[in-house]
$ cat my_file_11.tsv   # TSV, C-alpha atoms (C1' of nucleotides)
chain	number	residue	atom	x	y	z
A	22	MET	CA	17.64	26.07	11.27
A	23	SER	CA	14.77	24.84	9.26
A	24	GLU	CA	16.16	23.48	6.03
A	25	LEU	CA	17.92	20.24	5.42
A	26	LYS	CA	21.53	20.49	4.40
A	27	PRO	CA	22.15	19.54	0.78
A	28	GLY	CA	23.82	16.31	1.78
A	29	GLU	CA	20.93	15.39	3.99
A	30	LEU	CA	18.48	16.17	1.28
A	31	ARG	CA	20.33	14.10	-1.22
A	32	ALA	CA	20.50	11.17	1.16
A	33	TRP	CA	16.83	11.46	1.83
A	34	ARG	CA	15.98	11.43	-1.84
A	35	ALA	CA	18.22	8.47	-2.40
A	36	PHE	CA	16.52	6.67	0.44
A	37	LEU	CA	13.07	7.18	-1.02
A	38	ASP	CA	14.11	6.36	-4.54
A	39	ALA	CA	16.02	3.24	-3.65
A	40	GLN	CA	13.18	1.97	-1.61
A	41	ALA	CA	10.55	2.45	-4.28
A	42	SER	CA	12.73	1.17	-7.05
A	43	VAL	CA	14.05	-1.95	-5.38
A	44	MET	CA	10.77	-3.01	-3.86
A	45	ARG	CA	8.90	-2.59	-7.10
A	46	GLN	CA	11.38	-4.70	-8.97
A	47	LEU	CA	11.36	-7.47	-6.42
A	48	GLU	CA	7.61	-7.49	-6.40
A	49	ALA	CA	7.51	-7.61	-10.17
A	50	ASP	CA	10.09	-10.39	-10.44
A	51	LEU	CA	8.30	-12.56	-7.95
A	52	LEU	CA	4.93	-11.94	-9.49
A	53	ALA	CA	6.17	-12.70	-12.98
A	54	ALA	CA	8.02	-15.85	-12.01
A	55	ASP	CA	5.52	-17.34	-9.64
A	56	GLY	CA	2.43	-15.19	-9.24
A	57	MET	CA	3.31	-14.66	-5.64
A	58	THR	CA	3.26	-11.45	-3.68
A	59	LEU	CA	6.25	-10.26	-1.71
A	60	ALA	CA	4.17	-10.18	1.44
A	61	GLU	CA	2.98	-13.72	0.88
A	62	PHE	CA	6.47	-14.92	0.27
A	63	ASP	CA	7.67	-13.14	3.35
A	64	VAL	CA	5.18	-14.99	5.51
A	65	LEU	CA	6.19	-18.30	3.99
A	66	ILE	CA	9.86	-17.69	4.47
A	67	GLN	CA	9.44	-16.51	8.04
A	68	LEU	CA	7.62	-19.70	8.87
A	69	TRP	CA	10.16	-21.73	6.95
A	70	PHE	CA	12.94	-20.38	9.13
A	71	ALA	CA	11.02	-20.65	12.37
A	72	ALA	CA	11.37	-23.54	14.77
A	73	GLY	CA	8.61	-26.02	14.03
A	74	VAL	CA	7.81	-24.09	10.86
A	75	ARG	CA	5.31	-22.17	12.93
A	76	LEU	CA	4.91	-18.74	14.43
A	77	ARG	CA	2.33	-17.00	16.54
A	78	MET	CA	0.27	-14.48	14.64
A	79	THR	CA	1.61	-11.53	16.56
A	80	GLU	CA	5.18	-12.57	16.13
A	81	LEU	CA	4.56	-13.09	12.47
A	82	SER	CA	2.99	-9.68	12.08
A	83	GLU	CA	6.07	-8.05	13.53
A	84	ARG	CA	8.45	-9.94	11.33
A	85	VAL	CA	6.50	-9.23	8.21
A	86	ARG	CA	5.86	-5.65	9.27
A	87	LEU	CA	2.14	-5.76	8.98
A	88	THR	CA	-0.55	-4.87	11.46
A	89	PRO	CA	-2.37	-7.72	13.21
A	90	SER	CA	-5.37	-7.34	10.99
A	91	GLY	CA	-3.18	-7.37	7.94
A	92	ILE	CA	-1.58	-10.61	9.01
A	93	THR	CA	-4.90	-12.22	9.79
A	94	ARG	CA	-6.05	-11.59	6.27
A	95	LEU	CA	-2.79	-12.59	4.67
A	96	VAL	CA	-2.74	-15.88	6.54
A	97	ASP	CA	-6.37	-16.36	5.54
A	98	ARG	CA	-5.37	-16.16	1.91
A	99	LEU	CA	-2.41	-18.48	2.31
A	100	ALA	CA	-4.58	-20.94	4.19
A	101	ARG	CA	-7.14	-20.85	1.42
A	102	THR	CA	-4.48	-21.95	-1.03
A	103	GLY	CA	-3.18	-24.57	1.37
A	104	LEU	CA	0.29	-23.18	1.94
A	105	VAL	CA	-0.31	-22.36	5.60
A	106	ARG	CA	-2.67	-23.67	8.19
A	107	ARG	CA	-3.71	-22.42	11.59
A	108	GLY	CA	-3.25	-24.30	14.79
A	109	ARG	CA	-4.62	-23.69	18.24
A	110	CYS	CA	-2.02	-22.78	20.80
A	111	ALA	CA	-1.99	-25.06	23.81
A	112	SER	CA	-0.15	-22.86	26.26
A	113	ASP	CA	-2.23	-19.76	25.60
A	114	ARG	CA	-5.71	-20.27	24.36
A	115	ARG	CA	-5.94	-16.80	22.98
A	116	GLY	CA	-3.10	-17.58	20.64
A	117	THR	CA	-2.98	-19.03	17.16
A	118	TRP	CA	-0.14	-20.65	15.32
A	119	ALA	CA	0.45	-20.04	11.68
A	120	ILE	CA	2.00	-23.26	10.41
A	121	LEU	CA	3.71	-23.90	7.11
A	122	THR	CA	2.22	-26.92	5.38
A	123	SER	CA	4.27	-29.33	3.33
A	124	ALA	CA	2.79	-27.76	0.23
A	125	GLY	CA	4.02	-24.46	1.61
A	126	ARG	CA	7.47	-25.90	2.15
A	127	GLN	CA	7.62	-27.14	-1.40
A	128	ARG	CA	6.54	-23.77	-2.62
A	129	VAL	CA	9.31	-22.08	-0.68
A	130	ASP	CA	11.82	-24.50	-2.14
A	131	LYS	CA	10.67	-23.51	-5.57
A	132	VAL	CA	10.38	-19.78	-5.11
A	133	ARG	CA	13.29	-19.00	-2.89
A	134	PRO	CA	15.93	-19.30	-5.58
A	135	ILE	CA	13.96	-16.91	-7.70
A	136	HIS	CA	13.76	-14.43	-4.94
A	137	LEU	CA	17.39	-14.82	-4.00
A	138	ARG	CA	18.40	-14.08	-7.52
A	139	SER	CA	16.19	-11.05	-7.51
A	140	VAL	CA	17.63	-9.70	-4.29
A	141	ARG	CA	21.09	-10.22	-5.61
A	142	ARG	CA	20.32	-8.58	-8.87
A	143	HIS	CA	18.57	-5.51	-7.56
A	144	PHE	CA	20.40	-5.09	-4.31
A	145	ALA	CA	23.42	-7.07	-3.22
A	146	SER	CA	25.29	-7.27	-6.47
A	147	ARG	CA	25.11	-3.55	-6.97
A	148	LEU	CA	27.16	-2.85	-3.89
A	149	SER	CA	30.75	-3.50	-3.02
A	150	ALA	CA	31.58	-5.21	0.24
A	151	ASP	CA	32.53	-1.88	1.76
A	152	GLN	CA	29.37	-0.24	0.60
A	153	LEU	CA	27.30	-3.07	1.93
A	154	GLN	CA	28.95	-2.71	5.26
A	155	ALA	CA	28.50	1.04	5.39
A	156	LEU	CA	24.93	0.77	4.26
A	157	THR	CA	24.11	-1.73	6.95
A	158	CYS	CA	25.71	0.38	9.60
A	159	ALA	CA	23.74	3.43	8.58
A	160	LEU	CA	20.42	1.73	8.07
A	161	GLU	CA	20.56	-0.04	11.37
A	162	ARG	CA	20.54	3.30	13.08
A	163	LEU	CA	17.25	4.12	11.45
A	164	ALA	CA	15.25	1.15	12.64
A	165	PRO	CA	14.97	0.19	16.25
A	166	ALA	CA	16.55	-3.24	16.51
A	167	VAL	CA	14.02	-6.01	16.68
A	168	PRO	CA	15.44	-9.03	18.44
A	169	LEU	CA	15.65	-12.41	16.83
A	170	ARG	CA	14.48	-11.57	13.39
A	171	VAL	CA	15.74	-14.24	11.11
A	172	SER	CA	15.12	-12.38	7.98
A	173	SER	CA	12.60	-10.79	5.98
A	174	ALA	CA	12.48	-12.15	2.67
A	175	ILE	CA	15.72	-13.77	2.14
B	22	MET	CA	26.02	-20.18	-5.18
B	23	SER	CA	22.50	-19.78	-4.10
B	24	GLU	CA	22.55	-18.26	-0.67
B	25	LEU	CA	23.20	-14.70	0.31
B	26	LYS	CA	26.34	-14.05	2.27
B	27	PRO	CA	25.70	-13.12	5.89
B	28	GLY	CA	26.71	-9.54	5.27
B	29	GLU	CA	24.39	-9.28	2.34
B	30	LEU	CA	21.57	-10.76	4.31
B	31	ARG	CA	22.08	-8.38	7.14
B	32	ALA	CA	22.16	-5.43	4.81
B	33	TRP	CA	19.00	-6.61	3.18
B	34	ARG	CA	17.21	-6.92	6.47
B	35	ALA	CA	18.40	-3.51	7.51
B	36	PHE	CA	17.14	-2.10	4.27
B	37	LEU	CA	13.67	-3.52	4.76
B	38	ASP	CA	13.47	-2.58	8.39
B	39	ALA	CA	14.70	0.95	7.97
B	40	GLN	CA	12.30	1.53	5.19
B	41	ALA	CA	9.25	0.31	7.06
B	42	SER	CA	10.20	2.01	10.27
B	43	VAL	CA	11.08	5.41	8.90
B	44	MET	CA	8.18	5.64	6.52
B	45	ARG	CA	5.68	4.66	9.13
B	46	GLN	CA	6.94	7.27	11.53
B	47	LEU	CA	6.91	10.02	8.96
B	48	GLU	CA	3.43	9.10	7.94
B	49	ALA	CA	2.28	9.07	11.53
B	50	ASP	CA	3.91	12.40	12.36
B	51	LEU	CA	2.38	14.13	9.41
B	52	LEU	CA	-1.01	12.64	10.02
B	53	ALA	CA	-0.99	13.58	13.66
B	54	ALA	CA	0.21	17.12	13.12
B	55	ASP	CA	-1.88	18.02	10.13
B	56	GLY	CA	-4.11	15.18	8.98
B	57	MET	CA	-2.17	14.98	5.78
B	58	THR	CA	-0.88	11.93	4.00
B	59	LEU	CA	2.72	11.59	2.96
B	60	ALA	CA	1.65	11.09	-0.63
B	61	GLU	CA	-0.50	14.20	-0.55
B	62	PHE	CA	2.29	16.21	0.92
B	63	ASP	CA	4.68	14.88	-1.66
B	64	VAL	CA	2.48	16.11	-4.47
B	65	LEU	CA	2.19	19.52	-2.88
B	66	ILE	CA	5.88	19.85	-2.35
B	67	GLN	CA	6.74	18.71	-5.84
B	68	LEU	CA	4.48	21.37	-7.26
B	69	TRP	CA	5.81	23.92	-4.83
B	70	PHE	CA	9.32	23.36	-6.14
B	71	ALA	CA	8.32	23.22	-9.77
B	72	ALA	CA	8.60	26.17	-12.13
B	73	GLY	CA	5.21	27.85	-12.24
B	74	VAL	CA	4.09	25.70	-9.31
B	75	ARG	CA	2.78	23.29	-11.91
B	76	LEU	CA	3.68	19.90	-13.31
B	77	ARG	CA	2.28	17.63	-15.95
B	78	MET	CA	0.49	14.62	-14.56
B	79	THR	CA	2.98	12.16	-15.95
B	80	GLU	CA	5.94	14.06	-14.61
B	81	LEU	CA	4.23	14.31	-11.26
B	82	SER	CA	3.51	10.61	-11.16
B	83	GLU	CA	7.18	9.86	-11.69
B	84	ARG	CA	8.33	12.21	-9.00
B	85	VAL	CA	5.84	10.93	-6.49
B	86	ARG	CA	6.43	7.36	-7.54
B	87	LEU	CA	2.85	6.51	-8.26
B	88	THR	CA	1.24	5.06	-11.34
B	89	PRO	CA	-0.68	7.42	-13.60
B	90	SER	CA	-3.97	6.21	-12.26
B	91	GLY	CA	-2.76	6.72	-8.74
B	92	ILE	CA	-1.79	10.29	-9.47
B	93	THR	CA	-5.07	11.03	-11.19
B	94	ARG	CA	-6.93	10.03	-8.07
B	95	LEU	CA	-4.58	11.76	-5.70
B	96	VAL	CA	-4.84	15.01	-7.62
B	97	ASP	CA	-8.60	14.52	-7.62
B	98	ARG	CA	-8.58	14.49	-3.86
B	99	LEU	CA	-6.31	17.49	-3.56
B	100	ALA	CA	-8.45	19.37	-6.05
B	101	ARG	CA	-11.54	18.56	-4.05
B	102	THR	CA	-10.00	20.25	-1.03
B	103	GLY	CA	-8.80	23.17	-3.12
B	104	LEU	CA	-5.06	22.70	-2.69
B	105	VAL	CA	-4.45	21.87	-6.32
B	106	ARG	CA	-6.28	22.60	-9.51
B	107	ARG	CA	-6.03	21.21	-13.00
B	108	GLY	CA	-5.22	23.24	-16.07
B	109	ARG	CA	-5.41	22.35	-19.71
B	110	CYS	CA	-2.08	22.21	-21.45
B	111	ALA	CA	-1.82	24.49	-24.46
B	112	SER	CA	1.11	22.89	-26.22
B	113	ASP	CA	-0.24	19.36	-26.02
B	114	ARG	CA	-3.92	18.98	-25.74
B	115	ARG	CA	-3.68	15.52	-24.33
B	116	GLY	CA	-1.86	16.91	-21.35
B	117	THR	CA	-3.01	18.26	-18.03
B	118	TRP	CA	-1.26	20.50	-15.57
B	119	ALA	CA	-1.54	19.97	-11.88
B	120	ILE	CA	-1.23	23.44	-10.39
B	121	LEU	CA	-0.68	24.39	-6.79
B	122	THR	CA	-3.29	26.91	-5.65
B	123	SER	CA	-2.53	29.68	-3.22
B	124	ALA	CA	-4.33	27.71	-0.56
B	125	GLY	CA	-2.00	24.88	-1.43
B	126	ARG	CA	0.98	27.15	-1.09
B	127	GLN	CA	-0.13	28.27	2.32
B	128	ARG	CA	-0.64	24.71	3.35
B	129	VAL	CA	2.88	23.82	2.29
B	130	ASP	CA	4.24	26.74	4.27
B	131	LYS	CA	2.50	25.42	7.30
B	132	VAL	CA	3.27	21.74	6.93
B	133	ARG	CA	6.78	21.78	5.60
B	134	PRO	CA	8.42	22.67	8.90
B	135	ILE	CA	6.61	19.79	10.52
B	136	HIS	CA	7.79	17.42	7.89
B	137	LEU	CA	11.33	18.74	7.95
B	138	ARG	CA	11.50	18.18	11.64
B	139	SER	CA	10.21	14.68	11.16
B	140	VAL	CA	12.77	13.85	8.49
B	141	ARG	CA	15.48	15.19	10.69
B	142	ARG	CA	14.29	13.30	13.69
B	143	HIS	CA	13.81	9.94	12.07
B	144	PHE	CA	16.48	10.10	9.45
B	145	ALA	CA	19.07	12.81	9.14
B	146	SER	CA	19.89	13.37	12.77
B	147	ARG	CA	20.52	9.69	13.34
B	148	LEU	CA	23.44	9.64	10.96
B	149	SER	CA	26.85	11.22	11.08
B	150	ALA	CA	28.08	13.18	8.11
B	151	ASP	CA	30.20	10.26	7.02
B	152	GLN	CA	27.37	7.83	7.34
B	153	LEU	CA	25.11	10.10	5.40
B	154	GLN	CA	27.64	10.29	2.66
B	155	ALA	CA	28.20	6.55	2.53
B	156	LEU	CA	24.50	5.87	2.66
B	157	THR	CA	23.84	8.17	-0.24
B	158	CYS	CA	26.56	6.64	-2.29
B	159	ALA	CA	25.23	3.14	-1.72
B	160	LEU	CA	21.56	3.94	-2.19
B	161	GLU	CA	22.15	5.81	-5.40
B	162	ARG	CA	23.44	2.63	-6.93
B	163	LEU	CA	20.15	0.95	-6.20
B	164	ALA	CA	17.86	3.36	-8.00
B	165	PRO	CA	18.35	4.31	-11.59
B	166	ALA	CA	19.00	8.02	-11.57
B	167	VAL	CA	16.02	10.04	-12.56
B	168	PRO	CA	17.04	13.36	-14.01
B	169	LEU	CA	15.95	16.62	-12.53
B	170	ARG	CA	14.14	15.41	-9.52
B	171	VAL	CA	14.03	18.26	-7.09
B	172	SER	CA	13.09	16.19	-4.18
B	173	SER	CA	10.57	14.02	-2.85
B	174	ALA	CA	9.25	15.22	0.23
B	175	ILE	CA	11.67	17.57	1.57
C	7	DC	C1'	-3.28	13.15	-46.50
C	8	DA	C1'	-4.61	9.04	-44.41
C	9	DA	C1'	-3.30	5.42	-41.33
C	10	DC	C1'	-1.26	4.03	-37.33
C	11	DA	C1'	1.56	3.35	-33.52
C	12	DG	C1'	2.66	5.61	-29.45
C	13	DT	C1'	1.63	9.04	-25.53
C	14	DC	C1'	-1.27	11.30	-21.93
C	15	DT	C1'	-4.87	10.88	-18.88
C	16	DT	C1'	-8.85	8.99	-16.97
C	17	DT	C1'	-12.17	5.26	-15.46
C	18	DG	C1'	-13.88	0.46	-13.85
C	19	DC	C1'	-12.54	-2.98	-11.25
C	20	DT	C1'	-10.17	-5.45	-7.71
C	21	DT	C1'	-7.37	-6.03	-3.87
C	22	DG	C1'	-4.64	-5.38	0.12
C	23	DC	C1'	-4.11	-2.92	4.19
C	24	DG	C1'	-4.83	0.09	8.28
C	25	DC	C1'	-7.92	1.69	12.06
C	26	DA	C1'	-11.14	0.93	15.48
C	27	DA	C1'	-14.20	-2.02	17.73
C	28	DC	C1'	-15.02	-6.53	19.47
C	29	DC	C1'	-14.51	-11.10	21.79
C	30	DT	C1'	-11.82	-14.26	24.27
C	31	DT	C1'	-8.38	-15.37	27.43
C	32	DC	C1'	-4.72	-14.31	30.68
C	33	DG	C1'	-2.74	-12.73	34.95
C	34	DT	C1'	-2.74	-9.82	38.75
C	35	DA	C1'	-4.67	-7.56	42.63
C	36	DA	C1'	-8.32	-6.82	45.89
D	14	DT	C1'	-12.94	-15.79	44.34
D	15	DT	C1'	-14.21	-12.01	41.68
D	16	DA	C1'	-12.88	-8.03	39.16
D	17	DC	C1'	-10.36	-5.83	35.89
D	18	DG	C1'	-6.88	-4.17	32.81
D	19	DA	C1'	-4.02	-5.93	29.20
D	20	DA	C1'	-2.86	-9.05	25.33
D	21	DG	C1'	-4.02	-12.05	21.22
D	22	DG	C1'	-6.68	-12.39	17.37
D	23	DT	C1'	-10.55	-11.46	14.18
D	24	DT	C1'	-13.98	-8.54	11.89
D	25	DG	C1'	-16.45	-4.35	9.68
D	26	DC	C1'	-15.37	-0.62	7.27
D	27	DG	C1'	-13.14	2.65	4.35
D	28	DC	C1'	-9.64	3.98	1.31
D	29	DA	C1'	-5.69	4.24	-1.56
D	30	DA	C1'	-3.41	2.30	-5.33
D	31	DG	C1'	-2.42	-0.96	-9.19
D	32	DC	C1'	-3.90	-3.15	-13.66
D	33	DA	C1'	-6.14	-3.05	-17.80
D	34	DA	C1'	-8.91	-0.84	-21.09
D	35	DA	C1'	-10.78	3.21	-23.15
D	36	DG	C1'	-10.71	7.95	-25.09
D	37	DA	C1'	-8.33	11.84	-26.80
D	38	DC	C1'	-4.61	13.52	-29.13
D	39	DT	C1'	0.18	13.49	-31.33
D	40	DG	C1'	3.52	13.00	-34.99
D	41	DT	C1'	5.51	9.91	-38.13
D	42	DT	C1'	5.47	6.94	-42.13
D	43	DG	C1'	3.63	5.15	-46.24

$ encode --input "my_file_11.tsv" --output "structure tokens"
Amino acid sequence: MSELKPGELRAWRAFLDAQASVMRQLEADLLAADGMTLAEFDVLIQLWFAAGVRLRMTELSERVRLTPSGITRLVDRLARTGLVRRGRCASDRRGTWAILTSAGRQRVDKVRPIHLRSVRRHFASRLSADQLQALTCALERLAPAVPLRVSSAI
Amino acid sequence: MSELKPGELRAWRAFLDAQASVMRQLEADLLAADGMTLAEFDVLIQLWFAAGVRLRMTELSERVRLTPSGITRLVDRLARTGLVRRGRCASDRRGTWAILTSAGRQRVDKVRPIHLRSVRRHFASRLSADQLQALTCALERLAPAVPLRVSSAI
DNA sequence: CAACAGTCTTTGCTTGCGCAACCTTCGTAA
DNA sequence: TTACGAAGGTTGCGCAAGCAAAGACTGTTG
């Protein structure tokens, strides 16, 4: 058999559409309200949740779903605007910490409500509790579980 | 209330993770098997399904979920490799058709099985019929229905 | 029939990201 | 100890895509 069954096809379309639609709206909301990118916010929030408001670059790249080079550049930008700084890692001298500054923390405090509202509006509030549950169950089969991920952009 | 409920948060994470994971794998599969981009393939397949194997640029941009400028460039590339050609639109002289060439058709015939297998492997086969159904139902609430969309990348 | 607001497409510009190559450091094995 | 493969991070490079503005055309309204 070479074709997808109609149900599979429909699910696949829905998957692609939902993804594009939701992400675009979140990006737009955040940009309009605060001039911040979703990726930037994601870095900030990951650090915000992390113990010591810091994370190793590699760890950060996994949580934010970017390649190492992508994260390097993104942290560069955030460092340039003073929201994040780098720190040398004592236990492994190859390593680098990305550390949320106090300016970064303040920024998160400001932006997070905006983003929460956006997630609720474009995602959570559109689904019943049952649907949410079913959705989670299905989606979690699609992505290999990554341990200890606090969130991505809550 | 300002926080997301735990269930909502978990669903949200799953949504982001599934998206990143699945799309990356599809992209990688297609690239490895045929050197083709997902976006390129999507254009080809949209045209393949369309009446007259042609679509107006605007219509195409909606189906492929790119901005007009993005589609212009993407069609440029596909035209350069002879898989698509442009045609002037008689009924509206502002318009342009993107038309699948016979080389393009052949390419679709070759690549589609690869892509189908990939979609099945990373998406459809991981879900039971019930899950597929529930997933569809939930996801369709997240994206405003776009009429008459044959598919995106089946 | 003119004027004009809206639509379709393209172009200039900018940016963000991935890949591959590189350097440093680590840890293990000879 | 030295050697060496692997891991962490950064860099050069190329490219794809978005925004905004421009050009061509439409059809509607005065």

$ interface_residues --input "my_file_11.tsv" --of "chain B" --to "chain D" --cutoff "12 Å" --atoms "all atoms listed in the file" --output "list of chain:residue names"
B:Thr58, B:Ala60, B:Glu61, B:Arg86, B:Leu87, B:Thr88, B:Pro89, B:Ser90, B:Gly91, B:Ile92, B:Thr93, B:Arg94, B:Leu95, B:Arg98, B:Cys110, B:Ser112, B:Asp113, B:Arg114, B:Arg115, B:Gly116

$ axis_aligned_box --input "my_file_11.tsv" --around "region 19-37 of chain D" --padding-each-side "3 Å" --output "JSON"
{"center_x": -9.4, "center_y": -0.3, "center_z": 1.2, "size_x": 20.0, "size_y": 30.2, "size_z": 62.0}

$ interface_residues --input "my_file_11.tsv" --of "chain C" --to "chain A" --cutoff "7 Å" --atoms "all atoms listed in the file" --output "PDB file with C-alpha atoms (C1' of nucleotides), in the frame of the given file"
ATOM      1  C1'  DC C  23      -4.110  -2.920   4.190  1.00  0.00           C
ATOM      2  C1'  DT C  30     -11.820 -14.260  24.270  1.00  0.00           C
ATOM      3  C1'  DT C  31      -8.380 -15.370  27.430  1.00  0.00           C
TER       4       DT C  31
END

$ atom_distance --input "my_file_11.tsv" --atom1 "CA of Ala72 (chain A)" --atom2 "CA of Arg84 (chain A)"
14.3 Å

$ interface_residues --input "my_file_11.tsv" --of "chain B" --to "chain A" --cutoff "6 Å" --atoms "all atoms listed in the file" --output "list in words"
Ala32, Ala35, Asp38, Ala39, Ser42, Gln152, Leu156, Thr157, Ala159, Leu160, Glu161, Leu163 and Ala164 of chain B
